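Asks: Starting off with a structure, shown below.
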Amino acid sequence: MPLRAGAAPVTGRIAPRSGTALRLARGDILTVIDPQGGQVSDLVAVAASDPGEIISNGRTFDYEETVRLTTGSRLWSNRSRVMLTVIADTAPAHDFLLTPCSPATFRHFYPDKPVHRGCFGNLAEALGPHGVTPDMIPCAFNIFMNVTLAPDGKLAVLPPETRAGDFIKLRAEMDLVIGLTACSAYASNGGSFKPIDFAVERAG
(Lines give C-alpha, C1' and ligand atoms only; values in the text may rest on other atoms or scores of the structure.)
Protein backbone atom coordinates (compact mmCIF):
# COMPACT_ATOMS: atom_id res chain seq x y z
CA MET A 1 0.00 0.00 0.00
CA PRO A 2 1.53 3.37 -0.97
CA LEU A 3 2.43 5.72 1.83
CA ARG A 4 0.39 8.90 2.09
CA ALA A 5 2.09 12.13 1.05
CA GLY A 6 4.24 13.44 3.88
CA ALA A 7 4.72 10.00 5.46
CA ALA A 8 8.19 8.90 6.51
CA PRO A 9 10.36 7.76 3.58
CA VAL A 10 10.92 4.08 2.88
CA THR A 11 14.63 3.49 3.48
CA GLY A 12 17.04 0.68 2.79
CA ARG A 13 20.67 -0.32 2.50
CA ILE A 14 22.26 -2.19 -0.41
CA ALA A 15 25.06 -4.43 0.80
CA PRO A 16 28.46 -4.13 -0.90
CA ARG A 17 28.61 -5.73 -4.37
CA SER A 18 24.87 -6.41 -4.53
CA GLY A 19 21.74 -4.82 -5.99
CA THR A 20 17.99 -4.40 -5.66
CA ALA A 21 14.90 -3.26 -7.57
CA LEU A 22 12.49 -0.53 -6.46
CA ARG A 23 9.12 0.62 -7.79
CA LEU A 24 8.52 4.36 -8.12
CA ALA A 25 5.23 6.01 -8.98
CA ARG A 26 5.24 9.26 -10.89
CA GLY A 27 6.15 12.04 -8.46
CA ASP A 28 7.97 9.79 -5.99
CA ILE A 29 11.42 10.99 -4.97
CA LEU A 30 14.39 8.63 -4.76
CA THR A 31 17.45 9.67 -2.76
CA VAL A 32 20.62 7.64 -3.26
CA ILE A 33 23.18 8.15 -0.49
CA ASP A 34 26.86 7.26 -0.15
CA PRO A 35 26.90 6.59 3.61
CA GLN A 36 30.64 6.09 4.01
CA GLY A 37 32.06 7.95 1.01
CA GLY A 38 33.94 6.61 -2.00
CA GLN A 39 31.29 4.19 -3.34
CA VAL A 40 29.53 4.05 -6.72
CA SER A 41 25.92 3.02 -7.39
CA ASP A 42 24.69 1.93 -10.84
CA LEU A 43 21.11 2.98 -11.63
CA VAL A 44 18.93 1.62 -14.44
CA ALA A 45 15.39 2.98 -14.90
CA VAL A 46 12.69 1.02 -16.73
CA ALA A 47 9.13 2.11 -17.56
CA ALA A 48 6.81 0.14 -15.30
CA SER A 49 4.29 -0.25 -18.12
CA ASP A 50 6.74 -1.64 -20.69
CA PRO A 51 10.26 -2.99 -20.02
CA GLY A 52 11.15 -2.14 -23.62
CA GLU A 53 11.37 1.51 -22.54
CA ILE A 54 14.60 1.94 -20.64
CA ILE A 55 17.07 4.64 -19.65
CA SER A 56 19.33 5.89 -22.46
CA ASN A 57 22.64 7.68 -22.06
CA GLY A 58 22.63 8.71 -25.73
CA ARG A 59 19.20 10.33 -25.59
CA THR A 60 20.13 11.99 -22.30
CA PHE A 61 23.37 13.49 -23.64
CA ASP A 62 21.57 14.61 -26.80
CA TYR A 63 18.66 16.38 -25.12
CA GLU A 64 20.55 17.72 -22.09
CA GLU A 65 23.46 18.84 -24.30
CA THR A 66 26.03 17.90 -21.65
CA VAL A 67 27.80 14.90 -20.17
CA ARG A 68 27.88 16.57 -16.72
CA LEU A 69 24.56 15.69 -15.13
CA THR A 70 23.55 17.32 -11.84
CA THR A 71 20.73 19.34 -10.28
CA GLY A 72 18.20 20.26 -12.97
CA SER A 73 19.31 17.55 -15.39
CA ARG A 74 16.80 15.08 -16.77
CA LEU A 75 17.43 11.41 -17.56
CA TRP A 76 15.69 10.28 -20.74
CA SER A 77 14.43 6.97 -22.10
CA ASN A 78 15.22 5.30 -25.41
CA ARG A 79 11.78 6.56 -26.53
CA SER A 80 12.66 10.20 -25.86
CA ARG A 81 10.61 10.61 -22.70
CA VAL A 82 11.86 12.03 -19.42
CA MET A 83 12.15 9.32 -16.77
CA LEU A 84 13.83 11.13 -13.87
CA THR A 85 14.76 14.69 -12.93
CA VAL A 86 17.70 15.44 -10.62
CA ILE A 87 16.29 17.82 -8.00
CA ALA A 88 19.25 17.93 -5.58
CA ASP A 89 22.85 16.75 -5.77
CA THR A 90 25.80 17.10 -3.38
CA ALA A 91 28.18 14.76 -5.21
CA PRO A 92 31.20 16.04 -7.17
CA ALA A 93 30.46 13.90 -10.24
CA HIS A 94 28.49 11.09 -11.86
CA ASP A 95 29.19 9.04 -14.99
CA PHE A 96 26.88 8.02 -17.83
CA LEU A 97 29.53 6.81 -20.30
CA LEU A 98 30.58 3.39 -19.04
CA THR A 99 28.72 0.11 -19.03
CA PRO A 100 27.96 -1.84 -15.83
CA CYS A 101 30.85 -4.03 -14.71
CA SER A 102 30.41 -7.71 -15.58
CA PRO A 103 32.39 -10.97 -15.53
CA ALA A 104 33.97 -9.86 -18.81
CA THR A 105 35.01 -6.59 -17.14
CA PHE A 106 36.82 -8.49 -14.41
CA ARG A 107 38.58 -10.78 -16.88
CA HIS A 108 39.65 -7.75 -18.96
CA PHE A 109 40.76 -5.28 -16.29
CA TYR A 110 41.44 -7.45 -13.24
CA PRO A 111 42.96 -10.73 -14.50
CA ASP A 112 44.64 -11.29 -11.12
CA LYS A 113 41.36 -10.89 -9.17
CA PRO A 114 38.45 -13.31 -8.69
CA VAL A 115 35.77 -12.94 -11.35
CA HIS A 116 32.59 -11.34 -10.02
CA ARG A 117 29.20 -11.03 -11.71
CA GLY A 118 29.41 -7.28 -11.06
CA CYS A 119 26.71 -4.68 -11.40
CA PHE A 120 25.56 -6.23 -14.67
CA GLY A 121 24.76 -9.52 -12.96
CA ASN A 122 23.18 -7.79 -9.98
CA LEU A 123 20.99 -5.64 -12.24
CA ALA A 124 20.01 -8.66 -14.32
CA GLU A 125 18.88 -10.52 -11.20
CA ALA A 126 17.02 -7.54 -9.75
CA LEU A 127 15.28 -6.52 -12.99
CA GLY A 128 14.62 -9.99 -14.41
CA PRO A 129 11.28 -10.38 -12.56
CA HIS A 130 10.19 -7.10 -14.17
CA GLY A 131 10.68 -8.31 -17.74
CA VAL A 132 14.22 -7.04 -18.35
CA THR A 133 16.50 -9.62 -19.95
CA PRO A 134 20.31 -9.30 -19.68
CA ASP A 135 20.62 -8.15 -23.30
CA MET A 136 18.26 -5.24 -22.54
CA ILE A 137 20.48 -3.75 -19.82
CA PRO A 138 21.99 -0.49 -21.14
CA CYS A 139 24.72 1.79 -19.87
CA ALA A 140 23.71 2.59 -16.31
CA PHE A 141 23.68 6.04 -14.76
CA ASN A 142 26.75 5.54 -12.56
CA ILE A 143 25.99 7.61 -9.49
CA PHE A 144 29.04 9.05 -7.70
CA MET A 145 31.45 7.57 -10.29
CA ASN A 146 34.51 9.68 -11.15
CA VAL A 147 35.39 9.30 -14.83
CA THR A 148 37.66 11.84 -16.50
CA LEU A 149 38.19 12.58 -20.18
CA ALA A 150 41.62 13.86 -21.24
CA PRO A 151 42.14 16.26 -24.16
CA ASP A 152 43.32 13.33 -26.29
CA GLY A 153 40.06 11.47 -25.58
CA LYS A 154 41.51 8.99 -23.09
CA LEU A 155 39.12 7.89 -20.34
CA ALA A 156 40.25 7.27 -16.76
CA VAL A 157 38.28 5.77 -13.89
CA LEU A 158 39.40 7.44 -10.66
CA PRO A 159 38.30 6.87 -7.07
CA PRO A 160 35.04 8.64 -6.21
CA GLU A 161 35.45 12.01 -4.51
CA THR A 162 32.25 11.67 -2.49
CA ARG A 163 32.31 12.11 1.25
CA ALA A 164 30.16 10.27 3.76
CA GLY A 165 26.57 11.43 3.41
CA ASP A 166 26.77 12.80 -0.13
CA PHE A 167 23.54 12.16 -2.05
CA ILE A 168 21.58 12.64 -5.24
CA LYS A 169 17.81 13.15 -5.22
CA LEU A 170 15.73 12.20 -8.28
CA ARG A 171 12.02 12.70 -8.99
CA ALA A 172 10.21 10.05 -11.04
CA GLU A 173 8.49 11.57 -14.08
CA MET A 174 6.63 8.33 -14.92
CA ASP A 175 5.91 5.06 -13.14
CA LEU A 176 9.24 3.24 -13.00
CA VAL A 177 11.12 0.19 -11.90
CA ILE A 178 14.60 1.14 -10.71
CA GLY A 179 17.57 -1.21 -10.59
CA LEU A 180 20.15 0.03 -8.09
CA THR A 181 23.50 -1.42 -7.00
CA ALA A 182 26.47 -0.96 -4.73
CA CYS A 183 29.14 -1.23 -7.40
CA SER A 184 31.48 -4.22 -7.54
CA ALA A 185 34.48 -2.98 -9.60
CA TYR A 186 37.80 -2.21 -7.92
CA ALA A 187 38.76 0.93 -9.87
CA SER A 188 35.30 2.48 -9.62
CA ASN A 189 35.39 2.40 -5.82
CA GLY A 190 39.04 3.10 -5.08
CA GLY A 191 39.75 -0.57 -4.39
CA SER A 192 37.20 -1.01 -1.59
CA PHE A 193 33.54 -1.99 -1.45
CA LYS A 194 30.94 -0.26 0.71
CA PRO A 195 27.15 -0.12 1.01
CA ILE A 196 24.74 2.29 -0.65
CA ASP A 197 21.71 3.70 1.16
CA PHE A 198 18.46 4.86 -0.42
CA ALA A 199 15.20 6.52 0.59
CA VAL A 200 11.91 6.78 -1.30
CA GLU A 201 9.43 9.58 -0.55
CA ARG A 202 5.99 8.73 -1.88
CA ALA A 203 4.04 11.37 -3.75
CA GLY A 204 0.73 10.12 -2.45
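Residues are referred to by chain and number: the chain letter is A, B, ... according to the order shown in the C-alpha coordinates, the number counts from 1 in that chain, and ligands are numbered separately from 1 in the order shown.
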Write out as a PyMOL selection string which residues come within 7 Å of Leu84 (chain A) when counting only C-alpha atoms, dropping same-chain ones fewer than 2 positions away.

Replies: chain A and resi 74-75+82+86+170-173

Asks: Taking 5 positions as the minimum chain separation for residues in the same chain, which residues sit within 7 Å of Asp95 (chain A) when counting only C-alpha atoms? Answer as a VMD selection string.

Replies: chain A and resid 141 to 143 145 to 147

Asks: I need the residues of region 25-103 of chain A that end up classed as alpha helix (DSSP H) by DSSP on the backbone, written out as a VMD selection string.

Replies: chain A and resid 57 to 64 103

Asks: Please provide as a VMD selection string all residues within 12 Å of region 129-134 of chain A, with the sequence filter that same-chain residues fewer than 3 positions apart are discarded (counting only C-alpha atoms).

Replies: chain A and resid 20 to 23 44 to 54 100 102 119 to 126 137 to 139 176 to 179

Asks: Need to verify the contact set: Pro195 (chain A), 9 Å, only C-alpha atoms, exclusion of same-chain residues closer than 4 positions in sequence. Can you return it as a CSV table (one decimal) with N, CA and C atoms, in the first residue's frame?

Replies:
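And here's part_24.csv as it stands now:
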chain,number,residue,atom,x,y,z
A,13,ARG,N,19.2,-0.3,2.7
A,13,ARG,CA,20.7,-0.3,2.5
A,13,ARG,C,21.0,-1.5,1.5
A,14,ILE,N,21.8,-1.2,0.5
A,14,ILE,CA,22.3,-2.2,-0.4
A,14,ILE,C,23.6,-2.6,0.1
A,15,ALA,N,23.8,-3.9,0.3
A,15,ALA,CA,25.1,-4.4,0.8
A,15,ALA,C,26.1,-4.3,-0.3
A,16,PRO,N,27.4,-4.2,0.1
A,16,PRO,CA,28.5,-4.1,-0.9
A,16,PRO,C,28.4,-5.2,-2.0
A,17,ARG,N,28.6,-4.8,-3.2
A,17,ARG,CA,28.6,-5.7,-4.4
A,17,ARG,C,27.3,-6.5,-4.6
A,18,SER,N,26.2,-5.8,-4.3
A,18,SER,CA,24.9,-6.4,-4.5
A,18,SER,C,23.9,-5.4,-5.1
A,34,ASP,N,25.6,7.9,-0.4
A,34,ASP,CA,26.9,7.3,-0.2
A,34,ASP,C,27.2,7.4,1.3
A,35,PRO,N,26.8,6.4,2.1
A,35,PRO,CA,26.9,6.6,3.6
A,35,PRO,C,28.3,6.7,4.2
A,36,GLN,N,29.3,6.1,3.5
A,36,GLN,CA,30.6,6.1,4.0
A,36,GLN,C,31.6,6.9,3.1
A,39,GLN,N,32.0,5.4,-2.8
A,39,GLN,CA,31.3,4.2,-3.3
A,39,GLN,C,30.4,4.6,-4.5
A,181,THR,N,22.4,-0.5,-7.5
A,181,THR,CA,23.5,-1.4,-7.0
A,181,THR,C,24.4,-0.7,-6.1
A,182,ALA,N,25.2,-1.4,-5.3
A,182,ALA,CA,26.5,-1.0,-4.7
A,182,ALA,C,27.6,-1.6,-5.6
A,183,CYS,N,28.3,-0.8,-6.3
A,183,CYS,CA,29.1,-1.2,-7.4
A,183,CYS,C,30.2,-2.2,-6.9
